[in-house]
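A.B. asks: Contents of input_27.txt (compact mmCIF, C-alpha atoms):
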```txt
# COMPACT_ATOMS: atom_id res chain seq x y z
CA MET A 242 -217.15 166.44 -63.03
CA LYS A 243 -214.52 164.79 -60.93
CA SER A 244 -211.80 165.66 -63.44
CA GLU A 245 -212.85 169.32 -63.43
CA ASN A 246 -212.48 169.41 -59.67
CA LEU A 247 -209.10 167.76 -59.92
CA ASP A 248 -207.98 170.20 -62.58
CA ARG A 249 -209.11 173.16 -60.49
CA THR A 250 -207.39 171.80 -57.42
CA LEU A 251 -204.16 171.28 -59.28
CA ARG A 252 -204.29 174.76 -60.76
CA GLU A 253 -204.87 176.34 -57.39
CA TRP A 254 -202.18 174.30 -55.63
CA GLU A 255 -199.18 176.41 -54.88
CA ILE A 256 -195.89 175.23 -53.44
CA HIS A 257 -194.27 177.58 -51.01
CA GLU A 258 -191.33 175.55 -49.91
CA SER A 259 -187.95 176.30 -51.43
CA LEU A 260 -185.89 173.80 -53.28
CA PRO A 261 -182.88 172.21 -51.50
CA PRO A 262 -179.58 174.01 -52.05
CA ARG A 263 -177.90 173.35 -55.44
CA PHE A 264 -180.89 171.25 -56.44
CA GLN A 265 -180.64 172.07 -60.13
CA GLU A 266 -176.91 171.41 -60.21
CA ARG A 267 -177.40 167.99 -58.58
CA VAL A 268 -180.15 167.12 -61.07
CA TRP A 269 -177.91 167.94 -64.03
CA GLN A 270 -175.07 165.95 -62.50
CA ARG A 271 -177.33 162.96 -62.11
CA ILE A 272 -178.48 163.26 -65.70
CA ALA A 273 -174.84 163.44 -66.85
CA ARG A 274 -173.97 160.31 -64.84
CA GLU A 275 -176.91 158.36 -66.31
CA GLU A 276 -175.94 159.36 -69.85
CA ALA A 277 -172.19 158.65 -69.45
CA PRO A 278 -171.04 155.51 -71.37
CA THR A 279 -170.36 152.62 -68.97
CA SER A 280 -167.20 150.53 -69.47
CA VAL A 281 -167.93 147.19 -71.10
CA SER A 282 -165.75 144.17 -70.47
CA PRO A 283 -163.80 142.77 -73.45
CA TRP A 284 -165.61 139.48 -73.01
CA THR A 285 -168.99 141.18 -73.40
CA LEU A 286 -167.73 143.09 -76.43
CA PHE A 287 -166.55 139.89 -78.05
CA SER A 288 -169.76 138.09 -77.20
CA ASN A 289 -171.83 140.87 -78.75
CA TRP A 290 -169.64 140.98 -81.84
CA LEU A 291 -169.85 137.18 -82.19
CA SER A 292 -173.62 137.24 -81.93
CA GLN A 293 -173.87 139.88 -84.64
CA PHE A 294 -171.31 138.20 -86.89
CA LEU A 295 -172.82 134.73 -86.74
CA ALA A 296 -176.40 135.88 -86.83
CA ARG A 297 -176.38 135.76 -90.62
CA PRO A 298 -176.54 132.18 -91.91
CA SER A 299 -174.26 132.91 -94.88
CA LEU A 300 -171.50 134.19 -92.59
CA ALA A 301 -171.94 131.29 -90.20
CA VAL A 302 -171.63 128.76 -93.03
CA SER A 303 -168.63 130.63 -94.48
CA TYR A 304 -166.96 130.57 -91.08
CA LEU A 305 -167.52 126.80 -90.72
CA VAL A 306 -166.29 126.07 -94.24
CA LEU A 307 -163.22 128.27 -93.79
CA LEU A 308 -162.18 126.61 -90.56
CA LEU A 309 -162.76 123.13 -91.96
CA PHE A 310 -160.68 124.02 -95.03
CA THR A 311 -157.91 125.46 -92.84
CA GLY A 312 -157.81 122.27 -90.77
CA LEU A 313 -157.67 120.09 -93.89
CA VAL A 314 -154.85 122.15 -95.41
CA ALA A 315 -152.86 122.16 -92.16
CA GLY A 316 -153.29 118.39 -91.79
CA TYR A 317 -152.28 117.77 -95.39
CA TRP A 318 -149.20 119.98 -95.07
CA GLN A 319 -148.07 118.38 -91.80
CA ALA A 320 -148.55 114.91 -93.30
CA HIS A 321 -146.54 115.90 -96.37
CA VAL A 322 -143.64 117.21 -94.27
CA GLU A 323 -143.57 114.12 -92.07
CA GLN A 324 -143.90 111.74 -94.99
CA THR A 325 -140.98 113.39 -96.80
CA HIS A 326 -138.84 113.23 -93.68
CA THR A 327 -139.73 109.58 -92.98
CA LEU A 328 -139.00 108.49 -96.54
CA GLU A 329 -135.63 110.27 -96.48
CA GLN A 330 -134.77 108.53 -93.23
CA LEU A 331 -135.71 105.15 -94.66
CA GLY A 332 -133.54 105.83 -97.70
CA SER A 333 -130.62 106.65 -95.41
CA ARG A 334 -131.23 103.48 -93.44
CA TYR A 335 -131.18 101.45 -96.65
CA VAL A 336 -127.83 102.98 -97.61
CA ARG A 337 -126.35 102.29 -94.14
CA MET A 338 -127.57 98.70 -94.44
CA MET A 339 -125.71 98.34 -97.75
CA ASP A 340 -122.55 100.07 -96.53
CA PRO A 341 -122.26 99.92 -92.73
CA TYR A 342 -118.74 101.35 -92.78
CA GLN A 343 -119.72 104.43 -94.71
CA ALA A 344 -118.51 107.59 -92.94
CA HIS A 345 -121.36 109.54 -91.35
CA HIS A 346 -121.28 113.29 -91.76
CA MET B 34 -176.00 127.23 -74.86
CA LYS B 35 -176.25 130.31 -77.15
CA ARG B 36 -176.27 129.61 -80.84
CA PRO B 37 -173.23 131.79 -81.76
CA TRP B 38 -171.08 129.93 -79.24
CA VAL B 39 -172.26 126.59 -80.59
CA ILE B 40 -171.28 127.71 -84.11
CA LEU B 41 -167.90 128.99 -82.85
CA LEU B 42 -167.10 125.70 -81.15
CA ALA B 43 -168.41 123.70 -84.10
CA GLY B 44 -165.98 125.60 -86.36
CA ILE B 45 -163.03 124.82 -84.10
CA ALA B 46 -164.09 121.17 -83.88
CA ALA B 47 -164.40 120.99 -87.68
CA ALA B 48 -160.87 122.42 -88.05
CA VAL B 49 -159.41 119.92 -85.59
CA LEU B 50 -161.25 116.97 -87.14
CA GLY B 51 -160.25 118.08 -90.62
CA TYR B 52 -156.60 118.38 -89.54
CA PHE B 53 -156.44 114.91 -88.02
CA ALA B 54 -158.41 113.33 -90.85
CA PHE B 55 -156.01 114.56 -93.54
CA TYR B 56 -152.99 113.98 -91.32
CA PHE B 57 -153.85 110.34 -90.76
CA ILE B 58 -154.79 109.78 -94.38
CA GLY B 59 -151.60 111.50 -95.52
CA THR B 60 -149.31 109.51 -93.23
CA ALA B 61 -151.07 106.15 -93.64
CA GLN B 62 -148.65 104.91 -96.28
CA CYS B 63 -145.57 105.83 -94.25
CA ARG B 64 -146.98 104.24 -91.12
CA ALA B 65 -147.66 101.05 -93.07
CA ILE B 66 -144.06 101.02 -94.35
CA ILE B 67 -142.60 101.63 -90.88
CA HIS B 68 -144.57 98.70 -89.48
CA GLU B 69 -143.34 96.27 -92.12
CA GLN B 70 -140.89 93.58 -91.08
CA GLU B 71 -138.19 95.22 -93.18
CA PRO B 72 -139.11 98.88 -93.56
CA GLU B 73 -136.03 99.66 -95.69
CA LEU B 74 -137.07 97.12 -98.31
CA ALA B 75 -140.67 98.28 -98.12
CA TRP B 76 -139.38 101.78 -98.80
CA LEU B 77 -137.38 100.47 -101.77
CA LYS B 78 -140.51 98.85 -103.22
CA LYS B 79 -142.50 102.04 -102.93
CA GLU B 80 -139.73 104.40 -104.06
CA PHE B 81 -138.89 102.44 -107.20
CA HIS B 82 -142.39 101.19 -108.00
CA LEU B 83 -141.59 97.48 -107.83
CA ASN B 84 -144.22 94.86 -108.44
CA ASP B 85 -144.49 91.83 -106.17
CA ALA B 86 -142.33 89.55 -108.35
CA GLU B 87 -139.55 92.14 -108.67
CA PHE B 88 -139.74 92.84 -104.96
CA ALA B 89 -139.53 89.14 -104.04
CA ARG B 90 -136.48 88.67 -106.27
CA ILE B 91 -134.75 91.78 -104.87
CA SER B 92 -135.54 90.69 -101.30
CA GLN B 93 -133.75 87.40 -101.97
CA MET B 94 -130.74 89.20 -103.44
CA HIS B 95 -130.76 91.56 -100.48
CA ALA B 96 -130.69 88.69 -97.96
CA SER B 97 -127.86 86.99 -99.85
CA TYR B 98 -125.88 90.24 -100.03
CA LEU B 99 -126.33 90.93 -96.31
CA SER B 100 -125.03 87.53 -95.27
CA GLY B 101 -121.84 88.14 -97.28
CA CYS B 102 -121.68 91.70 -95.97
CA ALA B 103 -121.87 90.48 -92.36
CA GLU B 104 -118.88 88.20 -92.96
CA ARG B 105 -116.86 91.01 -94.58
CA CYS B 106 -117.75 93.33 -91.70
CA ARG B 107 -116.53 90.73 -89.25
CA MET B 108 -113.18 90.50 -91.06
CA ILE B 109 -112.88 94.31 -91.17
CA ASP B 110 -113.61 94.52 -87.45
CA GLU B 111 -110.89 91.94 -86.80
CA LYS B 112 -108.35 93.92 -88.83
CA ASN B 113 -109.36 97.17 -87.14
CA GLN B 114 -108.97 95.63 -83.71
CA HIS B 115 -105.52 94.34 -84.61
CA LEU B 116 -104.60 97.73 -86.09
CA LYS B 117 -105.73 99.48 -82.94
CA GLN B 118 -103.42 97.30 -80.85
CA LEU B 119 -100.49 97.92 -83.18
CA LEU B 120 -101.07 101.68 -83.25
CA ALA B 121 -101.20 101.82 -79.47
CA SER B 122 -97.83 100.10 -79.19
CA THR B 123 -95.76 102.34 -81.46
CA ASN B 124 -95.32 105.84 -82.83
CA THR B 125 -94.02 104.95 -86.27
CA VAL B 126 -95.41 103.18 -89.28
CA THR B 127 -94.00 99.69 -88.81
CA PRO B 128 -94.03 97.04 -91.56
CA ASP B 129 -96.82 95.27 -89.65
CA ILE B 130 -98.92 98.41 -89.62
CA ASP B 131 -98.24 98.99 -93.29
CA LYS B 132 -99.27 95.42 -94.12
CA LEU B 133 -102.40 95.69 -91.98
CA LEU B 134 -103.41 98.96 -93.62
CA ALA B 135 -102.98 97.37 -97.04
CA GLU B 136 -105.11 94.38 -95.99
CA SER B 137 -107.81 96.67 -94.59
CA ALA B 138 -107.83 98.65 -97.82
CA ARG B 139 -108.10 95.42 -99.84
CA LEU B 140 -111.00 94.25 -97.69
CA ARG B 141 -112.72 97.57 -98.08
CA ALA B 142 -112.23 97.48 -101.85
CA GLU B 143 -113.72 93.96 -101.90
CA CYS B 144 -116.69 95.33 -99.95
CA HIS B 145 -117.20 98.06 -102.48
CA LYS B 146 -116.92 95.62 -105.36
CA GLN B 147 -119.55 93.28 -103.85
CA MET B 148 -121.77 96.22 -103.06
CA LEU B 149 -121.55 97.56 -106.60
CA GLN B 150 -122.26 94.11 -107.99
CA HIS B 151 -125.35 93.91 -105.81
CA PHE B 152 -126.49 97.35 -106.97
CA TYR B 153 -126.14 96.29 -110.61
CA GLU B 154 -128.07 93.08 -110.01
CA VAL B 155 -130.85 94.95 -108.23
CA SER B 156 -131.02 97.60 -110.94
CA ARG B 157 -131.29 94.92 -113.65
CA THR B 158 -134.25 93.38 -111.79
CA MET B 159 -136.12 96.69 -111.77
CA PRO B 160 -137.94 98.26 -114.71
CA PRO B 161 -135.25 99.95 -116.87
CA GLU B 162 -136.06 103.55 -115.97
CA GLN B 163 -136.32 102.74 -112.26
CA GLY B 164 -133.14 100.68 -112.46
CA ARG B 165 -131.20 103.65 -113.86
CA ARG B 166 -132.65 105.93 -111.20
CA TYR B 167 -131.83 103.42 -108.45
CA LEU B 168 -128.25 103.05 -109.62
CA ALA B 169 -127.66 106.81 -109.78
CA TRP B 170 -129.30 107.34 -106.40
CA VAL B 171 -127.49 104.58 -104.53
CA GLN B 172 -124.07 105.26 -106.08
CA GLU B 173 -124.39 108.93 -105.17
CA ARG B 174 -124.85 107.94 -101.54
CA THR B 175 -122.24 105.21 -101.28
CA LEU B 176 -119.30 104.99 -103.65
CA LEU B 177 -119.51 108.62 -104.76
CA SER B 178 -120.59 110.08 -101.43
CA ASP B 179 -117.38 111.95 -100.65
CA SER B 180 -115.49 114.30 -102.88
CA HIS B 181 -112.73 116.70 -102.00
CA GLN B 182 -115.00 119.63 -102.89
CA ASP B 183 -117.72 118.28 -100.58
CA MET B 184 -115.25 118.05 -97.71
CA GLN B 185 -113.97 121.56 -98.34
CA ASP B 186 -117.54 122.86 -98.43
CA ARG B 187 -118.32 121.16 -95.13
CA HIS B 188 -115.33 122.77 -93.46
CA HIS B 189 -116.34 126.27 -94.57
```
For this file, write the structure as structure tokens.

C.D. replies:
Amino acid sequence: MKSENLDRTLREWEIHESLPPRFQERVWQRIAREEAPTSVSPWTLFSNWLSQFLARPSLAVSYLVLLLFTGLVAGYWQAHVEQTHTLEQLGSRYVRMMDPYQAHH
Amino acid sequence: MKRPWVILLAGIAAAVLGYFAFYFIGTAQCRAIIHEQEPELAWLKKEFHLNDAEFARISQMHASYLSGCAERCRMIDEKNQHLKQLLASTNTVTPDIDKLLAESARLRAECHKQMLQHFYEVSRTMPPEQGRRYLAWVQERTLLSDSHQDMQDRHH
């Protein structure tokens, strides 16, 4: 009963006032602004990408293993270079000890 | 802290730890040699795979050679000092300069002879293959270190 009265009232209700000027245009402009893509900071982009990338356990484990392997290889290589250089220097020192008057070039 | 960031930082930490772990392991031997009392002899032991007995014997020979070497160096320094004074006092090759040059050359030849003798003694104390390698290596860097071709190459 109440809803029938409400329905009738709503049907009979007429609006006589006119819309504000350029109302439709302003509505469409507002819709366009809401739908326009907002600029995202690079930090946010990276954060989102990181979250997606490391969400999968297999990728996260692969990432950890890869970085650990890279560190080990870099450490091994650096040690090899330094060891070679040190041993060469010691050899030169031995030679200079044997022949102090040897000309240095 | 968010999980992805924890994983990111854990990866970087693993890389850094891995680097330093292998670096320290890889340079451990060299650091041990450098901290020896006589690093050059420690290097010799490692390079030519000497056992303790061979190393002890070679260390003794080395000490004996160095004491003689020090004396020969002192005599060479004396001659050089005298030669320097003579050269500063003239602009020709005087008989004194000639004699001094000859004496310096004789001293230097004696040095080389003693050095070569020491090399042979050391090489005989090493295992045969290592002894041959030692002899070739040390002669290349001392008695045979300069050739006319090498000098020409350096100047070009």

A.B. asks: Could the residues of chain A within 8 Å of chain B, counting all atoms listed in the file, be given as a compact mmCIF listing (two decimals) with C-alpha atoms, in the coordinates of the input, please?

C.D. replies:
```txt
# COMPACT_ATOMS: atom_id res chain seq x y z
CA LEU A 291 -169.85 137.18 -82.19
CA SER A 292 -173.62 137.24 -81.93
CA LEU A 295 -172.82 134.73 -86.74
CA ALA A 296 -176.40 135.88 -86.83
CA ALA A 301 -171.94 131.29 -90.20
CA TYR A 304 -166.96 130.57 -91.08
CA LEU A 305 -167.52 126.80 -90.72
CA VAL A 306 -166.29 126.07 -94.24
CA LEU A 308 -162.18 126.61 -90.56
CA LEU A 309 -162.76 123.13 -91.96
CA PHE A 310 -160.68 124.02 -95.03
CA THR A 311 -157.91 125.46 -92.84
CA GLY A 312 -157.81 122.27 -90.77
CA LEU A 313 -157.67 120.09 -93.89
CA VAL A 314 -154.85 122.15 -95.41
CA ALA A 315 -152.86 122.16 -92.16
CA GLY A 316 -153.29 118.39 -91.79
CA TYR A 317 -152.28 117.77 -95.39
CA GLN A 319 -148.07 118.38 -91.80
CA ALA A 320 -148.55 114.91 -93.30
CA HIS A 321 -146.54 115.90 -96.37
CA GLU A 323 -143.57 114.12 -92.07
CA GLN A 324 -143.90 111.74 -94.99
CA THR A 327 -139.73 109.58 -92.98
CA LEU A 328 -139.00 108.49 -96.54
CA LEU A 331 -135.71 105.15 -94.66
CA GLY A 332 -133.54 105.83 -97.70
CA ARG A 334 -131.23 103.48 -93.44
CA TYR A 335 -131.18 101.45 -96.65
CA VAL A 336 -127.83 102.98 -97.61
CA MET A 339 -125.71 98.34 -97.75
CA ASP A 340 -122.55 100.07 -96.53
CA GLN A 343 -119.72 104.43 -94.71
```

A.B. asks: Produce the centre coordinates and the three edge lengths, each in Å to one decimal, of the box along x, y and z that contains all listed atoms of region 278-292 of chain A with 8 Å added on each side, as lines of an AutoDock Vina configuration file.

C.D. replies:
```
center_x = -168.7
center_y = 146.3
center_z = -75.6
size_x = 25.8
size_y = 34.3
size_z = 29.2
```

A.B. asks: One decimal, Å: what's the distance from CA of Glu136 (chain B) over to CA of Ser122 (chain B), could you say?

C.D. replies: 19.2 Å

A.B. asks: If you measure from CA of Asn113 (chain B) to CA of Glu143 (chain B), what distance in Å do you get, rounded to one decimal?

C.D. replies: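 Interatomic distance, CA of Asn113 (chain B) to CA of Glu143 (chain B): 15.7 Å.
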
A.B. asks: Just give me the gap between CA of Phe81 (chain B) and CA of Glu104 (chain B) in Å, one decimal is fine.

C.D. replies: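 Interatomic distance, CA of Phe81 (chain B) to CA of Glu104 (chain B): 28.4 Å.
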
A.B. asks: With distances taken over only C-alpha atoms, which of B:Met94, B:Ala86, B:Leu133, B:Leu177 is nearest to Gln150 (chain B)?

C.D. replies: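 Between B:Met94, B:Ala86, B:Leu133, B:Leu177, the residue approaching Gln150 (chain B) most closely is B:Met94.
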